[in-house]
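Pasted below: input_9.tsv, TSV, N, CA and C atoms.
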```
chain	number	residue	atom	x	y	z
A	94	MET	N	-20.12	12.45	-5.32
A	94	MET	CA	-18.90	11.67	-5.38
A	94	MET	C	-17.79	12.55	-5.96
A	95	ARG	N	-16.60	12.44	-5.36
A	95	ARG	CA	-15.43	13.16	-5.87
A	95	ARG	C	-14.23	12.23	-5.84
A	96	TRP	N	-13.44	12.31	-6.89
A	96	TRP	CA	-12.21	11.54	-6.97
A	96	TRP	C	-11.03	12.49	-7.01
A	97	PHE	N	-9.99	12.12	-6.32
A	97	PHE	CA	-8.76	12.91	-6.30
A	97	PHE	C	-7.59	11.95	-6.50
A	98	GLU	N	-6.52	12.47	-7.07
A	98	GLU	CA	-5.27	11.72	-7.15
A	98	GLU	C	-4.18	12.60	-6.57
A	99	LEU	N	-3.49	12.07	-5.57
A	99	LEU	CA	-2.47	12.84	-4.87
A	99	LEU	C	-1.10	12.20	-5.08
A	100	THR	N	-0.09	13.04	-5.24
A	100	THR	CA	1.28	12.56	-5.34
A	100	THR	C	2.12	13.27	-4.29
A	101	LEU	N	2.80	12.47	-3.48
A	101	LEU	CA	3.73	13.01	-2.48
A	101	LEU	C	5.13	12.63	-2.92
A	102	LYS	N	6.03	13.59	-2.83
A	102	LYS	CA	7.40	13.36	-3.28
A	102	LYS	C	8.35	13.42	-2.10
A	103	GLY	N	9.32	12.54	-2.16
A	103	GLY	CA	10.37	12.49	-1.16
A	103	GLY	C	11.70	12.42	-1.87
A	104	SER	N	12.58	11.63	-1.33
A	104	SER	CA	13.90	11.46	-1.94
A	104	SER	C	14.27	9.98	-1.85
A	105	ALA	N	14.33	9.33	-3.01
A	105	ALA	CA	14.68	7.91	-3.04
A	105	ALA	C	16.12	7.73	-2.60
A	106	GLY	N	16.37	6.62	-1.95
A	106	GLY	CA	17.73	6.31	-1.51
A	106	GLY	C	17.81	4.85	-1.10
A	107	HIS	N	19.02	4.37	-0.93
A	107	HIS	CA	19.21	2.97	-0.55
A	107	HIS	C	18.84	2.79	0.93
A	108	ALA	N	18.01	1.80	1.19
A	108	ALA	CA	17.51	1.57	2.55
A	108	ALA	C	18.61	1.22	3.54
A	109	GLY	N	19.66	0.57	3.08
A	109	GLY	CA	20.71	0.14	3.99
A	109	GLY	C	21.71	1.21	4.37
A	110	THR	N	21.84	2.23	3.55
A	110	THR	CA	22.88	3.22	3.81
A	110	THR	C	22.35	4.57	4.30
A	111	MET	N	21.06	4.79	4.20
A	111	MET	CA	20.48	6.08	4.57
A	111	MET	C	19.97	6.03	6.01
A	112	PRO	N	20.56	6.82	6.92
A	112	PRO	CA	20.08	6.85	8.31
A	112	PRO	C	18.61	7.32	8.37
A	113	MET	N	17.89	6.79	9.32
A	113	MET	CA	16.46	7.11	9.45
A	113	MET	C	16.22	8.61	9.59
A	114	ASN	N	17.07	9.31	10.33
A	114	ASN	CA	16.84	10.73	10.57
A	114	ASN	C	17.19	11.61	9.36
A	115	GLU	N	17.74	11.02	8.31
A	115	GLU	CA	18.06	11.77	7.10
A	115	GLU	C	17.12	11.46	5.94
A	116	ARG	N	16.20	10.55	6.15
A	116	ARG	CA	15.30	10.12	5.07
A	116	ARG	C	14.19	11.13	4.83
A	117	VAL	N	13.83	11.24	3.57
A	117	VAL	CA	12.63	11.98	3.16
A	117	VAL	C	11.78	10.96	2.41
A	118	ASP	N	11.05	10.16	3.19
A	118	ASP	CA	10.34	8.99	2.70
A	118	ASP	C	8.92	9.37	2.28
A	119	ALA	N	8.64	9.27	1.00
A	119	ALA	CA	7.33	9.64	0.48
A	119	ALA	C	6.22	8.74	1.03
A	120	MET	N	6.52	7.48	1.29
A	120	MET	CA	5.50	6.57	1.81
A	120	MET	C	5.12	6.94	3.24
A	121	THR	N	6.09	7.30	4.05
A	121	THR	CA	5.80	7.73	5.42
A	121	THR	C	4.88	8.94	5.40
A	122	ALA	N	5.16	9.89	4.51
A	122	ALA	CA	4.32	11.08	4.39
A	122	ALA	C	2.92	10.73	3.90
A	123	ALA	N	2.83	9.82	2.92
A	123	ALA	CA	1.52	9.44	2.37
A	123	ALA	C	0.67	8.73	3.42
A	124	ILE	N	1.29	7.86	4.19
A	124	ILE	CA	0.55	7.14	5.24
A	124	ILE	C	0.04	8.12	6.30
A	125	ALA	N	0.88	9.07	6.68
A	125	ALA	CA	0.47	10.07	7.68
A	125	ALA	C	-0.70	10.90	7.17
A	126	LEU	N	-0.65	11.30	5.90
A	126	LEU	CA	-1.73	12.09	5.33
A	126	LEU	C	-3.01	11.26	5.22
A	127	ALA	N	-2.89	10.02	4.80
A	127	ALA	CA	-4.05	9.14	4.71
A	127	ALA	C	-4.71	8.97	6.08
A	128	GLN	N	-3.89	8.83	7.12
A	128	GLN	CA	-4.44	8.70	8.47
A	128	GLN	C	-5.17	9.97	8.89
A	129	GLN	N	-4.64	11.13	8.50
A	129	GLN	CA	-5.32	12.40	8.80
A	129	GLN	C	-6.70	12.44	8.13
A	130	PHE	N	-6.78	11.97	6.89
A	130	PHE	CA	-8.07	11.96	6.19
A	130	PHE	C	-9.08	11.11	6.96
A	131	HIS	N	-8.66	9.93	7.38
A	131	HIS	CA	-9.58	9.04	8.11
A	131	HIS	C	-9.93	9.60	9.49
A	132	ASN	N	-8.97	10.21	10.15
A	132	ASN	CA	-9.26	10.83	11.45
A	132	ASN	C	-10.27	11.96	11.30
A	133	TYR	N	-10.12	12.74	10.24
A	133	TYR	CA	-11.08	13.82	9.97
A	133	TYR	C	-12.47	13.23	9.77
A	134	ARG	N	-12.56	12.20	8.93
A	134	ARG	CA	-13.86	11.58	8.67
A	134	ARG	C	-14.47	11.08	9.98
A	135	ASP	N	-13.70	10.39	10.77
A	135	ASP	CA	-14.22	9.83	12.03
A	135	ASP	C	-14.68	10.91	13.00
A	136	SER	N	-13.96	12.02	13.07
A	136	SER	CA	-14.26	13.04	14.08
A	136	SER	C	-15.22	14.12	13.60
A	137	GLN	N	-15.30	14.35	12.30
A	137	GLN	CA	-16.08	15.48	11.80
A	137	GLN	C	-17.37	15.10	11.08
A	138	VAL	N	-17.33	14.07	10.27
A	138	VAL	CA	-18.50	13.77	9.44
A	138	VAL	C	-18.99	12.33	9.56
A	139	ALA	N	-18.24	11.49	10.22
A	139	ALA	CA	-18.60	10.10	10.54
A	139	ALA	C	-19.23	9.38	9.36
A	140	ASP	N	-20.43	8.82	9.57
A	140	ASP	CA	-21.04	7.97	8.56
A	140	ASP	C	-21.61	8.71	7.36
A	141	SER	N	-21.58	10.03	7.37
A	141	SER	CA	-22.11	10.76	6.22
A	141	SER	C	-21.10	10.85	5.07
A	142	LEU	N	-19.88	10.36	5.28
A	142	LEU	CA	-18.85	10.36	4.23
A	142	LEU	C	-18.27	8.96	4.09
A	143	ARG	N	-18.27	8.47	2.87
A	143	ARG	CA	-17.61	7.20	2.55
A	143	ARG	C	-16.27	7.57	1.93
A	144	LEU	N	-15.20	7.11	2.52
A	144	LEU	CA	-13.86	7.50	2.10
A	144	LEU	C	-13.05	6.24	1.78
A	145	THR	N	-12.54	6.17	0.56
A	145	THR	CA	-11.72	5.04	0.14
A	145	THR	C	-10.43	5.55	-0.48
A	146	LEU	N	-9.32	5.08	0.05
A	146	LEU	CA	-8.01	5.39	-0.53
A	146	LEU	C	-7.60	4.15	-1.30
A	147	GLY	N	-7.80	4.22	-2.61
A	147	GLY	CA	-7.71	3.01	-3.42
A	147	GLY	C	-6.36	2.73	-4.03
A	148	ARG	N	-6.16	3.16	-5.21
A	148	ARG	CA	-4.96	2.82	-5.98
A	148	ARG	C	-3.72	3.49	-5.38
A	149	TRP	N	-2.70	2.69	-5.11
A	149	TRP	CA	-1.42	3.19	-4.57
A	149	TRP	C	-0.31	2.81	-5.53
A	150	GLN	N	0.50	3.80	-5.90
A	150	GLN	CA	1.64	3.55	-6.76
A	150	GLN	C	2.88	4.12	-6.07
A	151	VAL	N	3.87	3.27	-5.90
A	151	VAL	CA	5.09	3.67	-5.20
A	151	VAL	C	6.25	3.64	-6.20
A	152	SER	N	7.06	4.68	-6.14
A	152	SER	CA	8.21	4.74	-7.03
A	152	SER	C	9.46	4.97	-6.18
A	153	PRO	N	10.47	4.18	-6.37
A	153	PRO	CA	10.70	3.24	-7.45
A	153	PRO	C	10.12	1.84	-7.24
A	154	ASN	N	9.40	1.58	-6.19
A	154	ASN	CA	8.74	0.29	-5.97
A	154	ASN	C	9.74	-0.86	-5.88
A	155	SER	N	10.73	-0.66	-5.04
A	155	SER	CA	11.79	-1.65	-4.84
A	155	SER	C	11.86	-1.98	-3.35
A	156	ILE	N	12.16	-3.21	-3.04
A	156	ILE	CA	12.17	-3.66	-1.65
A	156	ILE	C	13.23	-2.96	-0.80
A	157	ASN	N	14.33	-2.54	-1.43
A	157	ASN	CA	15.43	-1.95	-0.65
A	157	ASN	C	15.70	-0.49	-0.99
A	158	THR	N	14.66	0.19	-1.50
A	158	THR	CA	14.81	1.60	-1.85
A	158	THR	C	13.76	2.43	-1.13
A	159	ILE	N	14.18	3.50	-0.51
A	159	ILE	CA	13.26	4.43	0.15
A	159	ILE	C	12.37	5.04	-0.92
A	160	PRO	N	11.05	5.01	-0.74
A	160	PRO	CA	10.16	5.56	-1.76
A	160	PRO	C	10.41	7.04	-2.03
A	161	GLY	N	10.61	7.36	-3.30
A	161	GLY	CA	10.82	8.75	-3.71
A	161	GLY	C	9.54	9.45	-4.08
A	162	ALA	N	8.51	8.68	-4.43
A	162	ALA	CA	7.20	9.26	-4.77
A	162	ALA	C	6.11	8.23	-4.51
A	163	VAL	N	4.98	8.71	-4.04
A	163	VAL	CA	3.81	7.86	-3.83
A	163	VAL	C	2.60	8.61	-4.39
A	164	THR	N	1.84	7.92	-5.23
A	164	THR	CA	0.60	8.47	-5.76
A	164	THR	C	-0.53	7.57	-5.27
A	165	PHE	N	-1.60	8.18	-4.77
A	165	PHE	CA	-2.76	7.39	-4.36
A	165	PHE	C	-4.05	8.13	-4.69
A	166	SER	N	-5.10	7.34	-4.82
A	166	SER	CA	-6.41	7.90	-5.16
A	166	SER	C	-7.27	8.04	-3.91
A	167	VAL	N	-8.13	9.04	-3.94
A	167	VAL	CA	-9.10	9.28	-2.87
A	167	VAL	C	-10.48	9.29	-3.52
A	168	ASP	N	-11.34	8.42	-3.05
A	168	ASP	CA	-12.73	8.36	-3.50
A	168	ASP	C	-13.58	8.82	-2.31
A	169	ALA	N	-14.19	9.98	-2.43
A	169	ALA	CA	-15.03	10.54	-1.36
A	169	ALA	C	-16.47	10.56	-1.84
A	170	ARG	N	-17.38	9.99	-1.05
A	170	ARG	CA	-18.79	9.91	-1.45
A	170	ARG	C	-19.69	10.32	-0.30
A	171	SER	N	-20.72	11.06	-0.66
A	171	SER	CA	-21.75	11.45	0.30
A	171	SER	C	-22.98	11.87	-0.49
A	172	VAL	N	-24.14	11.68	0.10
A	172	VAL	CA	-25.36	12.18	-0.53
A	172	VAL	C	-25.53	13.66	-0.25
A	173	ASP	N	-24.74	14.19	0.67
A	173	ASP	CA	-24.81	15.59	1.07
A	173	ASP	C	-23.64	16.36	0.46
A	174	GLU	N	-23.94	17.23	-0.49
A	174	GLU	CA	-22.90	18.02	-1.18
A	174	GLU	C	-22.09	18.86	-0.20
A	175	ALA	N	-22.71	19.34	0.86
A	175	ALA	CA	-22.00	20.15	1.86
A	175	ALA	C	-20.91	19.33	2.55
A	176	VAL	N	-21.17	18.07	2.79
A	176	VAL	CA	-20.17	17.19	3.41
A	176	VAL	C	-18.97	17.03	2.47
A	177	LEU	N	-19.24	16.86	1.18
A	177	LEU	CA	-18.15	16.75	0.20
A	177	LEU	C	-17.34	18.04	0.13
A	178	ASN	N	-18.03	19.17	0.12
A	178	ASN	CA	-17.33	20.46	0.10
A	178	ASN	C	-16.46	20.63	1.34
A	179	GLN	N	-17.02	20.26	2.48
A	179	GLN	CA	-16.30	20.38	3.76
A	179	GLN	C	-15.06	19.48	3.76
A	180	PHE	N	-15.21	18.24	3.29
A	180	PHE	CA	-14.06	17.34	3.25
A	180	PHE	C	-13.00	17.84	2.28
A	181	GLU	N	-13.43	18.30	1.10
A	181	GLU	CA	-12.45	18.77	0.11
A	181	GLU	C	-11.64	19.95	0.66
A	182	ALA	N	-12.31	20.88	1.31
A	182	ALA	CA	-11.61	22.02	1.90
A	182	ALA	C	-10.64	21.56	2.99
A	183	ALA	N	-11.08	20.64	3.83
A	183	ALA	CA	-10.22	20.11	4.89
A	183	ALA	C	-9.04	19.35	4.31
A	184	MET	N	-9.29	18.58	3.26
A	184	MET	CA	-8.23	17.83	2.61
A	184	MET	C	-7.15	18.77	2.07
A	185	HIS	N	-7.57	19.85	1.43
A	185	HIS	CA	-6.60	20.82	0.90
A	185	HIS	C	-5.78	21.46	2.03
A	186	ARG	N	-6.43	21.75	3.16
A	186	ARG	CA	-5.70	22.30	4.31
A	186	ARG	C	-4.67	21.30	4.84
A	187	MET	N	-5.08	20.04	4.93
A	187	MET	CA	-4.16	19.01	5.43
A	187	MET	C	-2.96	18.85	4.50
A	188	ILE	N	-3.21	18.91	3.20
A	188	ILE	CA	-2.12	18.79	2.23
A	188	ILE	C	-1.17	19.97	2.37
A	189	GLN	N	-1.71	21.17	2.48
A	189	GLN	CA	-0.85	22.35	2.63
A	189	GLN	C	-0.05	22.30	3.92
A	190	ASP	N	-0.68	21.84	4.99
A	190	ASP	CA	0.04	21.72	6.27
A	190	ASP	C	1.15	20.68	6.19
A	191	HIS	N	0.99	19.73	5.28
A	191	HIS	CA	1.96	18.66	5.12
A	191	HIS	C	3.20	19.11	4.37
A	192	ASP	N	3.06	20.16	3.57
A	192	ASP	CA	4.20	20.65	2.76
A	192	ASP	C	5.22	21.27	3.59
```
Show me this structure written as structure tokens.
Amino acid sequence: MRWFELTLKGSAGHAGTMPMNERVDAMTAAIALAQQFHNYRDSQVADSLRLTLGRWQVSPNSINTIPGAVTFSVDARSVDEAVLNQFEAAMHRMIQDHD
């Protein structure tokens, strides 16, 4: 079992005045990265990895503010240490590609 906590940073701004093409939305980035993690699990290790993206914290956590930061937890579990090592390495690559 391995636990990770990831924080993605963007730029908070008012939802009504910031054009979509100018936003740096941390939640959009976090969702895309989370989807990559699940796609990796589905295509590479399937049922040998249990993956849970649990606690999500959004800042500033306001209904009309573009998220400036998102922190979420990753709980990765497998009885096979090699699967955990493989996922951790892939996760780090995905994070670097996201920067």
List every residue of chain A that DSSP, applied to the backbone of this structure, assigns to strand (DSSP E), and report them as a PyMOL selection string. chain A and resi 95-102+106-107+143-152+158-159+162-170
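Using only C-alpha atoms, the protein and nucleic acid residues lying no more than 9 Å from Phe165 of chain A, apart from those fewer than 4 places from it along its own chain, are Phe97, Glu98, Leu99, Thr100, Leu101, Ala123, Leu146, Gly147, Arg148, Trp149, Gln150 and Val151 of chain A.
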Draw an axis-aligned box tight on the listed atoms of segment 142-147 of chain A, then pad every side by 5 Å and write out centre and edge lengths in Å to one decimal as JSON.
```
{"center_x": -13.1, "center_y": 6.5, "center_z": 0.6, "size_x": 23.5, "size_y": 17.6, "size_z": 19.3}
```
Of the residues A:Ile188, A:Ala183, A:Ala127, A:Leu142, which is the one nearest to Ala169 of chain A, using only C-alpha atoms? A:Leu142
Would you mind reading off the distance between atom CA of Ala162 of chain A and atom C of Gly106 of chain A, one decimal, in Å? 12.1 Å
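Among the candidates A:Ala119, A:Ile124, A:Val176, A:Met184, the one nearest to Val163 of chain A when counting all atoms listed in the file is A:Ala119.
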Pick out each residue of segment 103-190 of chain A that DSSP on the backbone tags as alpha helix (DSSP H); I need them as a PyMOL selection string. chain A and resi 119-133+174-190
For the residues in that selection, give me N, CA and C atoms as a CSV table (one decimal), keeping the file's coordinate frame.
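Written output follows (again12.csv):
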```
chain,number,residue,atom,x,y,z
A,119,ALA,N,8.6,9.3,1.0
A,119,ALA,CA,7.3,9.6,0.5
A,119,ALA,C,6.2,8.7,1.0
A,120,MET,N,6.5,7.5,1.3
A,120,MET,CA,5.5,6.6,1.8
A,120,MET,C,5.1,6.9,3.2
A,121,THR,N,6.1,7.3,4.0
A,121,THR,CA,5.8,7.7,5.4
A,121,THR,C,4.9,8.9,5.4
A,122,ALA,N,5.2,9.9,4.5
A,122,ALA,CA,4.3,11.1,4.4
A,122,ALA,C,2.9,10.7,3.9
A,123,ALA,N,2.8,9.8,2.9
A,123,ALA,CA,1.5,9.4,2.4
A,123,ALA,C,0.7,8.7,3.4
A,124,ILE,N,1.3,7.9,4.2
A,124,ILE,CA,0.6,7.1,5.2
A,124,ILE,C,0.0,8.1,6.3
A,125,ALA,N,0.9,9.1,6.7
A,125,ALA,CA,0.5,10.1,7.7
A,125,ALA,C,-0.7,10.9,7.2
A,126,LEU,N,-0.6,11.3,5.9
A,126,LEU,CA,-1.7,12.1,5.3
A,126,LEU,C,-3.0,11.3,5.2
A,127,ALA,N,-2.9,10.0,4.8
A,127,ALA,CA,-4.0,9.1,4.7
A,127,ALA,C,-4.7,9.0,6.1
A,128,GLN,N,-3.9,8.8,7.1
A,128,GLN,CA,-4.4,8.7,8.5
A,128,GLN,C,-5.2,10.0,8.9
A,129,GLN,N,-4.6,11.1,8.5
A,129,GLN,CA,-5.3,12.4,8.8
A,129,GLN,C,-6.7,12.4,8.1
A,130,PHE,N,-6.8,12.0,6.9
A,130,PHE,CA,-8.1,12.0,6.2
A,130,PHE,C,-9.1,11.1,7.0
A,131,HIS,N,-8.7,9.9,7.4
A,131,HIS,CA,-9.6,9.0,8.1
A,131,HIS,C,-9.9,9.6,9.5
A,132,ASN,N,-9.0,10.2,10.2
A,132,ASN,CA,-9.3,10.8,11.4
A,132,ASN,C,-10.3,12.0,11.3
A,133,TYR,N,-10.1,12.7,10.2
A,133,TYR,CA,-11.1,13.8,10.0
A,133,TYR,C,-12.5,13.2,9.8
A,174,GLU,N,-23.9,17.2,-0.5
A,174,GLU,CA,-22.9,18.0,-1.2
A,174,GLU,C,-22.1,18.9,-0.2
A,175,ALA,N,-22.7,19.3,0.9
A,175,ALA,CA,-22.0,20.2,1.9
A,175,ALA,C,-20.9,19.3,2.6
A,176,VAL,N,-21.2,18.1,2.8
A,176,VAL,CA,-20.2,17.2,3.4
A,176,VAL,C,-19.0,17.0,2.5
A,177,LEU,N,-19.2,16.9,1.2
A,177,LEU,CA,-18.2,16.8,0.2
A,177,LEU,C,-17.3,18.0,0.1
A,178,ASN,N,-18.0,19.2,0.1
A,178,ASN,CA,-17.3,20.5,0.1
A,178,ASN,C,-16.5,20.6,1.3
A,179,GLN,N,-17.0,20.3,2.5
A,179,GLN,CA,-16.3,20.4,3.8
A,179,GLN,C,-15.1,19.5,3.8
A,180,PHE,N,-15.2,18.2,3.3
A,180,PHE,CA,-14.1,17.3,3.2
A,180,PHE,C,-13.0,17.8,2.3
A,181,GLU,N,-13.4,18.3,1.1
A,181,GLU,CA,-12.4,18.8,0.1
A,181,GLU,C,-11.6,20.0,0.7
A,182,ALA,N,-12.3,20.9,1.3
A,182,ALA,CA,-11.6,22.0,1.9
A,182,ALA,C,-10.6,21.6,3.0
A,183,ALA,N,-11.1,20.6,3.8
A,183,ALA,CA,-10.2,20.1,4.9
A,183,ALA,C,-9.0,19.4,4.3
A,184,MET,N,-9.3,18.6,3.3
A,184,MET,CA,-8.2,17.8,2.6
A,184,MET,C,-7.2,18.8,2.1
A,185,HIS,N,-7.6,19.8,1.4
A,185,HIS,CA,-6.6,20.8,0.9
A,185,HIS,C,-5.8,21.5,2.0
A,186,ARG,N,-6.4,21.8,3.2
A,186,ARG,CA,-5.7,22.3,4.3
A,186,ARG,C,-4.7,21.3,4.8
A,187,MET,N,-5.1,20.0,4.9
A,187,MET,CA,-4.2,19.0,5.4
A,187,MET,C,-3.0,18.8,4.5
A,188,ILE,N,-3.2,18.9,3.2
A,188,ILE,CA,-2.1,18.8,2.2
A,188,ILE,C,-1.2,20.0,2.4
A,189,GLN,N,-1.7,21.2,2.5
A,189,GLN,CA,-0.8,22.4,2.6
A,189,GLN,C,0.0,22.3,3.9
A,190,ASP,N,-0.7,21.8,5.0
A,190,ASP,CA,0.0,21.7,6.3
A,190,ASP,C,1.2,20.7,6.2
```
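What separates atom C of Ala122 of chain A from atom N of Ala175 of chain A is a distance of 27.2 Å.
Closest approach to Arg95 of chain A among A:Asp190, A:Met120, A:Arg170, A:Asn154: A:Arg170, based on only N, CA and C atoms.
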Find the residue from A:Ser152, A:Ser166, A:Ala108, A:Phe180 that sits nearest to Gln137 of chain A; use only C-alpha atoms when measuring. A:Phe180
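Reported to one decimal place, the separation of atom N of Met187 of chain A from atom N of Gln129 of chain A is 9.6 Å.
With only C-alpha atoms as the atoms that count, the residue of A:Leu177, A:Asp192, A:Ile159, A:Val138 with the shortest distance to Pro112 of chain A is A:Ile159.
Considering only C-alpha atoms, the residue among A:Asp140, A:Arg116, A:Trp96, A:Arg134 positioned nearest to Thr158 of chain A is A:Arg116.
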